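Encoded as structure tokens, the structure appears first; notes follow it.
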Amino acid sequence: MPARSPALPRRAAPAIPAGLRREQLLELYHYVRLTRSLEERLANLYRQGKVIGGLFRSLGQEADSVGSAYALDRSAGDFLSPLIRNLGSMLVQGAEPLAILRQYMAKAASPSRGRELNIHFGDLEKGYIGQISHLGDMVPVMAGVTLSFKMRGERRVGLVYVGDGAMSTGTFHEGINFAAVQRLPLVVVAEQNGYAYSTPVRKQTAVERLVDKAAAYGVHGDSADGNDLLAVYAVTKRAVDRARAGEGVTLVELRTYRRKGHAEHDDQSYVPEEELAYWARNDPVDAYRRQLEESGWAGPEELLAAEARIDEELDRAVALAEAEPFPEPESALDGVCAGPPAAERPWYRGRGG
Amino acid sequence: MPARSPALPRRAAPAIPAGLRREQLLELYHYVRLTRSLEERLANLYRQGKVIGGLFRSLGQEADSVGSAYALDRSAGDFLSPLIRNLGSMLVQGAEPLAILRQYMAKAASPSRGRELNIHFGDLEKGYIGQISHLGDMVPVMAGVTLSFKMRGERRVGLVYVGDGAMSTGTFHEGINFAAVQRLPLVVVAEQNGYAYSTPVRKQTAVERLVDKAAAYGVHGDSADGNDLLAVYAVTKRAVDRARAGEGVTLVELRTYRRKGHAEHDDQSYVPEEELAYWARNDPVDAYRRQLEESGWAGPEELLAAEARIDEELDRAVALAEAEPFPEPESALDGVCAGPPAAERPWYRGRGG
Amino acid sequence: MAEVTYLEALRQGLREEMRRDERVFILGEDVGAYGGAFKVTEGFYEEFGEARVIDTPISEAAIVGAAAGAAHMGLRPVAEMQFIDFISCAYDMLTNYVATARYRAGLPTPIVVRGPCGGYVRGGPFHSQNPEAAFLHTPGLKIVCPATARDAKGLIKAAIRDDDPVLYFEHKFLYRRIKEALPEDGDLLTPIGKARIAREGRDLSIITYSAMVWKALEAAEILEREDGLAVEVLDLRTLVPMDDDAIVATVEKTNKVMIVHEDTRTGGVAGEIAARINERAFEWLDGPVLRVTAADVPLPYAPTLEDYVLPQTADVVAVARRLAAY
Amino acid sequence: MAEVTYLEALRQGLREEMRRDERVFILGEDVGAYGGAFKVTEGFYEEFGEARVIDTPISEAAIVGAAAGAAHMGLRPVAEMQFIDFISCAYDMLTNYVATARYRAGLPTPIVVRGPCGGYVRGGPFHSQNPEAAFLHTPGLKIVCPATARDAKGLIKAAIRDDDPVLYFEHKFLYRRIKEALPEDGDLLTPIGKARIAREGRDLSIITYSAMVWKALEAAEILEREDGLAVEVLDLRTLVPMDDDAIVATVEKTNKVMIVHEDTRTGGVAGEIAARINERAFEWLDGPVLRVTAADVPLPYAPTLEDYVLPQTADVVAVARRLAAY
Ligand SMILES: Cc1ncc(C[n+]2csc(CCOP(=O)(O)OP(=O)(O)O)c2C)c(N)n1
Ligand SMILES: Cc1ncc(C[n+]2csc(CCOP(=O)(O)OP(=O)(O)O)c2C)c(N)n1
Ligand SMILES: [Mg+2]
Ligand SMILES: [Mg+2]
């Protein structure tokens, strides 16, 4: 294909949807691309044995994390709680790639000081709370976070992610129901990505669409194509606005697809090849990039520059994180409680192991 | 009002609904009346301090328990699991009033040998499994019971009760969802009786009608006036037929009202008087009796005779149960496991206390 | 200084903390207009309003999880379990989320989870439990078990002010059965982690907590009267953190120790105490560490059975005599 | 007699029981076509079909509850927890419903709940847990913890044939790291409730179970080589019912005992064992019952931290030396 000639008269760019500004469109691109690139770096590190535990990819789902998180108002103190495939949402809330790299590599300077794995960490200042592994548990916790907003009369909103699989847990049910009864300013984003580990959605639930579950809680339901970044933003923004206006909980279903296995070790043998091929053609990052260019909202140079900035930042962060030490052994003992300062050191154990 | 003269020509009785026969109508009357009368005996015993623990009444809800249980086919080996207000359903499945009295009075010969309270007991032969206190837990258990029916290709059906309050539990959610995915022959009867202890339904859930929750599980939903015995029977029968035909789970909402406090100690101070008065006028036992008479399906003599039989049986059962002993102390130790036969007797403890 | 019951002392403590600190709020089933199944929060709804006394759905995991979330944001939730037996439904949330939040993520989670525990009330297997051992095992959860009206008040206040999650197990048999004159000045705090010598003695020690303190004291009276034994009774008050110094001190003093708890024997708290005594004071022991506990069965309902399964004063006396004879 | 890994031995046991008894079936997350997160049930879906190898929703309480219901009706369900850490989500169902069903209601509930436990695999706080102490406490649940490939097979078969609920905690560190030649004749049963002397000795005893058996054996080698000590290693194999006779016998033989477990210290199984030894064999003790365990923190992820928190062979050696010096 011949490169598009800059000399040709450009069509006027179509209006930007969902009330977004052009800088925001570029910022969104930054986040989806950063998510993709950072995970690719992690995959490399994983293959080199430098990621200590498992690696969980959001390949093909970047738009759903980024677009939904972007609908929150960070300056208003909005809060979210991500799951393993919501790296993008943490980046939007201000998590630094360096922090993610340190965490995956269990470094002393990682946000959890080497105590927790992958993206299990949070930052109260920046506005996100780290998950635990037990699926569903963050839904009641985010009900409590948003309860505090309501009790204090703050106009802040919370958002919690939940997978098609996690919706089967009792804690999801108890948490969303509690929030619904209390009309809390909570957005529950249900990510329909086809699978929970190897289990297809039809073995997880008998509903057609996850958004059908909204009816059981008397909450508003909405949904969007999770691979369409701007649609994700728009649907979540509506839910956030409702929450902020005191209209309570919304369950937002985002339909997307998990293009990698559950974690890097999983070869997805249970997935039909055509399915993977179909979704590879429907890549949300490429699609958004194309949309930006084709709508004239961004020029190729801008996008290339943004990508270069990301690569540079990641080069630096990877080098830095790799060089860092693991935590000091005895640091394992402190911080179980606010006081006393540390768990007892086994009497038979010398310092440092 | 002048007694209706038997000499006057009777209108032809209207057709009996829901495929029932006349004997069945009388049997249904037996069960609702027995439920009412047995609980009244228990209330007396409670006031005399002979019921050891609390007493839970189903006053005003007898039709919902009896009508729904009656829709099962005992001869086919159908199974149910009752809650504290489903005494009527146990009677339908063949529980004996004597057993209930013994159980409430913690007698040695009670079905649980004095180990469990009120109507917490079951009978695998007769087809009911006793609940535990932890609300919601019987839903997964009945999913397992009906899973066994499906695995063995038996055309048996299970029914589990759940209150408006119990539906907020995680186990309810996990259990009904599991059953829905597996298309198990299970009927879930949701009893909307206005309260969970002191908590009104609107603080339990934001849905208008409990049957709205069916949508979240992709199961069929249906509902009826829980105080209309024949309507209860009909709606449950449809659900049982669906289950038996392999069409999976139905959530049946029965709308009724808890006319007493949570248990006898609870004076219901939180309940508006008009509400109680309204529902007292809507008594399901009286209504059914009237319906039988007015439709000409039963004569007054028959009904009086049925009531007399119940009173007699209860006189005998109460006298018998009252006279019986408590269990032998050391019997407390046996039966935790199939083997070894008994828990260890504390070495410092003589036999029998 | 009015005489108040254990229950009223607890209520006073809660009320004082809610008046003192507007971040404190209560959530649980029927805690609002009804005032709680045992009326612990009676009058609170009227005084503090619906926003601070929240009736929840029957969702123990959500109650605890929501408390944790609100605590992260700076509030001080007190969650009621209607009966402590239902805390089992929040076991995952407590042991995995709440207990680890500070360690994993530096998240402050100052919540109190409280509720009526214990037997001797014909409550049967699901309204009589003593769940402390299930949580003793999880680093990150503090556990308090008041035995007196003073500590019912002092420990609830300390628990609410504590910066960590605290499980507060109140014994329902004691609610209205014991009374004590208490100051009402708002400064009655029982330090978390400190045991109390409920009775001094030099011949043998009974280490115990919660309602069993009273049985131990009764037994001590009998043993003094009938056997001339001076029995020391140590009321642990807090199980986590455990007051090892107080335990070692009583062992060093009397050289003979028994542990009394209402919970079943296997896997109960007594095992942990026995192990600690072995590790820290073995040389001081003149006899084995013995246990008086419930038998290893679910707690049955019939009076004859419940009485047989639960520890009784006579059991404490019998074991003490055997130990004294060493 | 082919050499098989611990994991393959477990798989063999499961497969043999499913072939032998059509009432046996499996349910859990991803156990079907995928064969389970650790591939324990690989090939089962193909051999036994979808009806007997059931992929469930992510609903641990429902998995256990449904297993119980099916068991009441005469089936023999084996429920897999993807990681044993998630058994906490079924804590209520197991401790309140399953454990009490026979006692309360005479309901047979022959279920097996199994899953990978344990650390040393960089799994972090939620993929490394040892939940035995949480269930030790509940009468009505049997607990087995195989340490060898032979027992992995023998205990899964015994657990499936047992008429009571059995928790089967398999150690994921051992899955592919140990091997043994085993008969394939279907009669390899390890009796539930019987410990095994993994190594004979007369100078001191290490009581342990699961993966720690191997650390104890390693330590025993070192102690023999470097100190000339003959260390006895008792592999409990079953925690409930506990083999008191075997425990007492080893105490009477060596007069010095230490307990090693991977779980955190406070409230761990070692406490119970220490208490039993006190009660049954105090006179035979020439030194305190000592513990080697994990430190009381959630298990951290970084290798340096995990190694520091978990018990290591050197710890066992150090404590044994101290005990030997008594
Ligand atoms: C309560 C619980 N049970 C089991 C697991 C193990 N597990 C981890 S992720 C996962 C699948 C999650 O699927 P889904 O919620 O759809 O999220 P996705 O991975 O698709 O993003 C499972 C079963 C868990 N983390 N928590
Ligand atoms: C998990 C759990 N939490 C709390 C309780 C205490 N409790 C017993 S009955 C009840 C109310 C039940 O209400 P509902 O389900 O509507 O049944 P109803 O009494 O109206 O028949 C409560 C809160 C319980 N039994 N189980
Ligand atoms: Mg998914
Ligand atoms: Mg109700």
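For the structure tokens, the naming scheme is as follows: chains receive sequential letters (A, B, ...) according to their order of presentation, residues are indexed from 1 within each chain, and ligands are indexed from 1 in presentation order.
With only C-alpha atoms and all ligand atoms counted, the chains near ligand 2 contribute these residues within 7 Å: Ile84, Arg85, Ser133, His134, Leu135, Gly136, Val162, Gly163, Asp164, Gly165, Ala166, Met167, Thr169, Gln192, Asn193, Gly194, Tyr195, Ala196, Tyr197, Arg258 and His262 of chain B; Glu29, Ile58, Ser59, Glu60, Gln82, Phe83, Phe86 and Cys89 of chain C.
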Under the rule of at most 7 Å, produce a per-residue listing of chain A near chain B: chain, number, name, the closest pair of atoms, and the distance in Å, as CSV, using only C-alpha atoms.
```
residue,atom,partner,partner_atom,distance
A:Ser168,CA,B:Glu174,CA,6.1
A:Thr169,CA,B:Glu174,CA,6.2
A:Gly170,CA,B:Gly170,CA,3.5
A:Thr171,CA,B:Gly170,CA,5.9
A:His173,CA,B:Gly170,CA,6.0
A:Glu174,CA,B:Gly170,CA,5.8
A:Asn177,CA,B:Thr205,CA,6.5
A:Ala180,CA,B:Ala206,CA,6.1
A:Val181,CA,B:Ala206,CA,5.2
A:Lys203,CA,B:Val181,CA,6.0
A:Gln204,CA,B:Val181,CA,6.7
A:Thr205,CA,B:Val181,CA,5.6
A:Ala206,CA,B:Gly218,CA,4.8
A:Val207,CA,B:Gly218,CA,4.3
A:Asp212,CA,B:Ala216,CA,5.6
A:Lys213,CA,B:Ala216,CA,3.9
A:Ala215,CA,B:Asp212,CA,6.2
A:Ala216,CA,B:Lys213,CA,3.9
A:Tyr217,CA,B:Val207,CA,5.8
A:Gly218,CA,B:Val207,CA,4.3
```
Per residue of chain D within 6 Å of chain B, what are the shortest atom pair and its distance in Å to one decimal, counting only C-alpha atoms, with rows by chain and residue number, as CSV?
```
residue,atom,partner,partner_atom,distance
D:Ser59,CA,B:Glu174,CA,5.6
D:Ala62,CA,B:Pro140,CA,4.8
D:Gly65,CA,B:Val141,CA,4.6
D:Ala66,CA,B:Gly144,CA,3.5
D:Ala67,CA,B:Gly144,CA,5.7
D:Gly69,CA,B:Gly144,CA,4.1
D:Ala70,CA,B:Gly144,CA,4.5
D:Tyr103,CA,B:Val336,CA,4.7
D:Arg104,CA,B:Ser112,CA,5.8
D:Ala105,CA,B:Ser112,CA,5.6
D:Gly140,CA,B:Val336,CA,5.4
```
Test item: residues at most 9 Å from Leu34 in chain A, only C-alpha atoms, excluding those fewer than 2 positions along its chain, as a short mmCIF file (atom, residue, chain, number, x, y, z; two decimals) with N, CA, C and O atoms, in the first residue's frame:
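Listed below is the output, out20.cif:
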```
data_model
loop_
_atom_site.label_atom_id
_atom_site.label_comp_id
_atom_site.auth_asym_id
_atom_site.auth_seq_id
_atom_site.Cartn_x
_atom_site.Cartn_y
_atom_site.Cartn_z
N TYR A 29 -4.13 6.15 24.10
CA TYR A 29 -3.24 5.32 23.28
C TYR A 29 -1.98 4.97 24.07
O TYR A 29 -1.50 3.83 24.04
N HIS A 30 -1.46 5.96 24.75
CA HIS A 30 -0.28 5.71 25.58
C HIS A 30 -0.54 4.53 26.52
O HIS A 30 0.28 3.62 26.63
N TYR A 31 -1.68 4.53 27.18
CA TYR A 31 -1.92 3.49 28.18
C TYR A 31 -2.13 2.11 27.56
O TYR A 31 -1.62 1.11 28.08
N VAL A 32 -2.87 2.03 26.47
CA VAL A 32 -3.05 0.68 25.89
C VAL A 32 -1.73 0.16 25.32
O VAL A 32 -1.40 -1.01 25.47
N ARG A 36 0.44 -3.16 26.61
CA ARG A 36 0.91 -4.19 25.69
C ARG A 36 2.43 -4.35 25.77
O ARG A 36 2.96 -5.46 25.91
N SER A 37 3.13 -3.24 25.71
CA SER A 37 4.60 -3.30 25.65
C SER A 37 5.18 -3.80 26.97
O SER A 37 6.11 -4.60 26.98
N LEU A 38 4.62 -3.32 28.04
CA LEU A 38 5.12 -3.75 29.35
C LEU A 38 4.93 -5.25 29.51
O LEU A 38 5.84 -5.96 29.98
N GLU A 39 3.79 -5.74 29.10
CA GLU A 39 3.57 -7.19 29.22
C GLU A 39 4.51 -7.96 28.31
O GLU A 39 4.95 -9.07 28.65
N GLY A 88 -3.59 -2.66 32.80
CA GLY A 88 -3.85 -1.38 32.15
C GLY A 88 -4.56 -0.39 33.05
O GLY A 88 -4.27 0.81 33.05
N LEU A 91 -2.11 1.18 35.44
CA LEU A 91 -1.27 2.20 34.78
C LEU A 91 -2.04 3.51 34.67
O LEU A 91 -1.51 4.58 34.94
N PRO A 97 5.51 1.60 35.58
CA PRO A 97 6.03 0.36 35.01
C PRO A 97 7.15 -0.22 35.87
O PRO A 97 7.23 -1.43 36.06
N GLU A 307 5.15 5.70 20.97
CA GLU A 307 5.67 4.34 21.12
C GLU A 307 7.15 4.35 21.51
O GLU A 307 7.60 3.58 22.35
N ILE A 310 7.59 5.12 25.12
CA ILE A 310 7.28 3.94 25.94
C ILE A 310 8.46 2.98 25.94
O ILE A 310 8.90 2.51 26.99
N ASP A 311 8.99 2.73 24.77
CA ASP A 311 10.11 1.78 24.68
C ASP A 311 11.30 2.27 25.51
O ASP A 311 11.93 1.49 26.23
N LEU A 314 10.61 1.87 29.17
CA LEU A 314 10.68 0.46 29.57
C LEU A 314 12.12 -0.04 29.56
O LEU A 314 12.52 -0.80 30.44
#
```
> Quick one: which residues from chain C are at most 9 Å off chain D, using only C-alpha atoms, as JSON, numbers by chain?
Replying inline: {"C": [85, 86, 87, 88, 89, 90, 91, 92, 93, 95, 96, 99, 100, 103, 104, 125, 126, 133, 134, 135, 136, 137, 138, 139, 140, 264, 265, 266, 267, 268, 269, 270, 271, 272, 273, 274, 275, 276, 277, 278, 279, 280, 281, 282, 283, 287, 288, 289, 290, 291, 296, 297, 298, 300]}
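As for CA of Thr250 in chain B and CA of Gln291 in chain B, they are spaced 28.0 Å apart.
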> Per DSSP on the backbone, what are the alpha helix (DSSP H) residues of range 237-320 of chain B, as a count of residues only?
Replying inline: 48
> Can you tell me, as JSON, numbers by chain, what residues are no more than 10 Å from Asp283 in chain A when counting only C-alpha atoms, ignoring any on the same chain fewer than 3 positions away?
Replying inline: {"A": [59, 60, 61, 62, 63, 227, 228, 256, 257, 259, 278, 279, 280, 286, 287, 288]}
>> Can you pull out the residues contacting Val113 in chain D? Cut-off 10 Å, using only C-alpha atoms, and skip same-chain residues under 5 positions away; I want them as a PyMOL selection string.
In response: chain D and resi 26-28+63-64+67+77-81+84+87+94+143+159-160+165-169
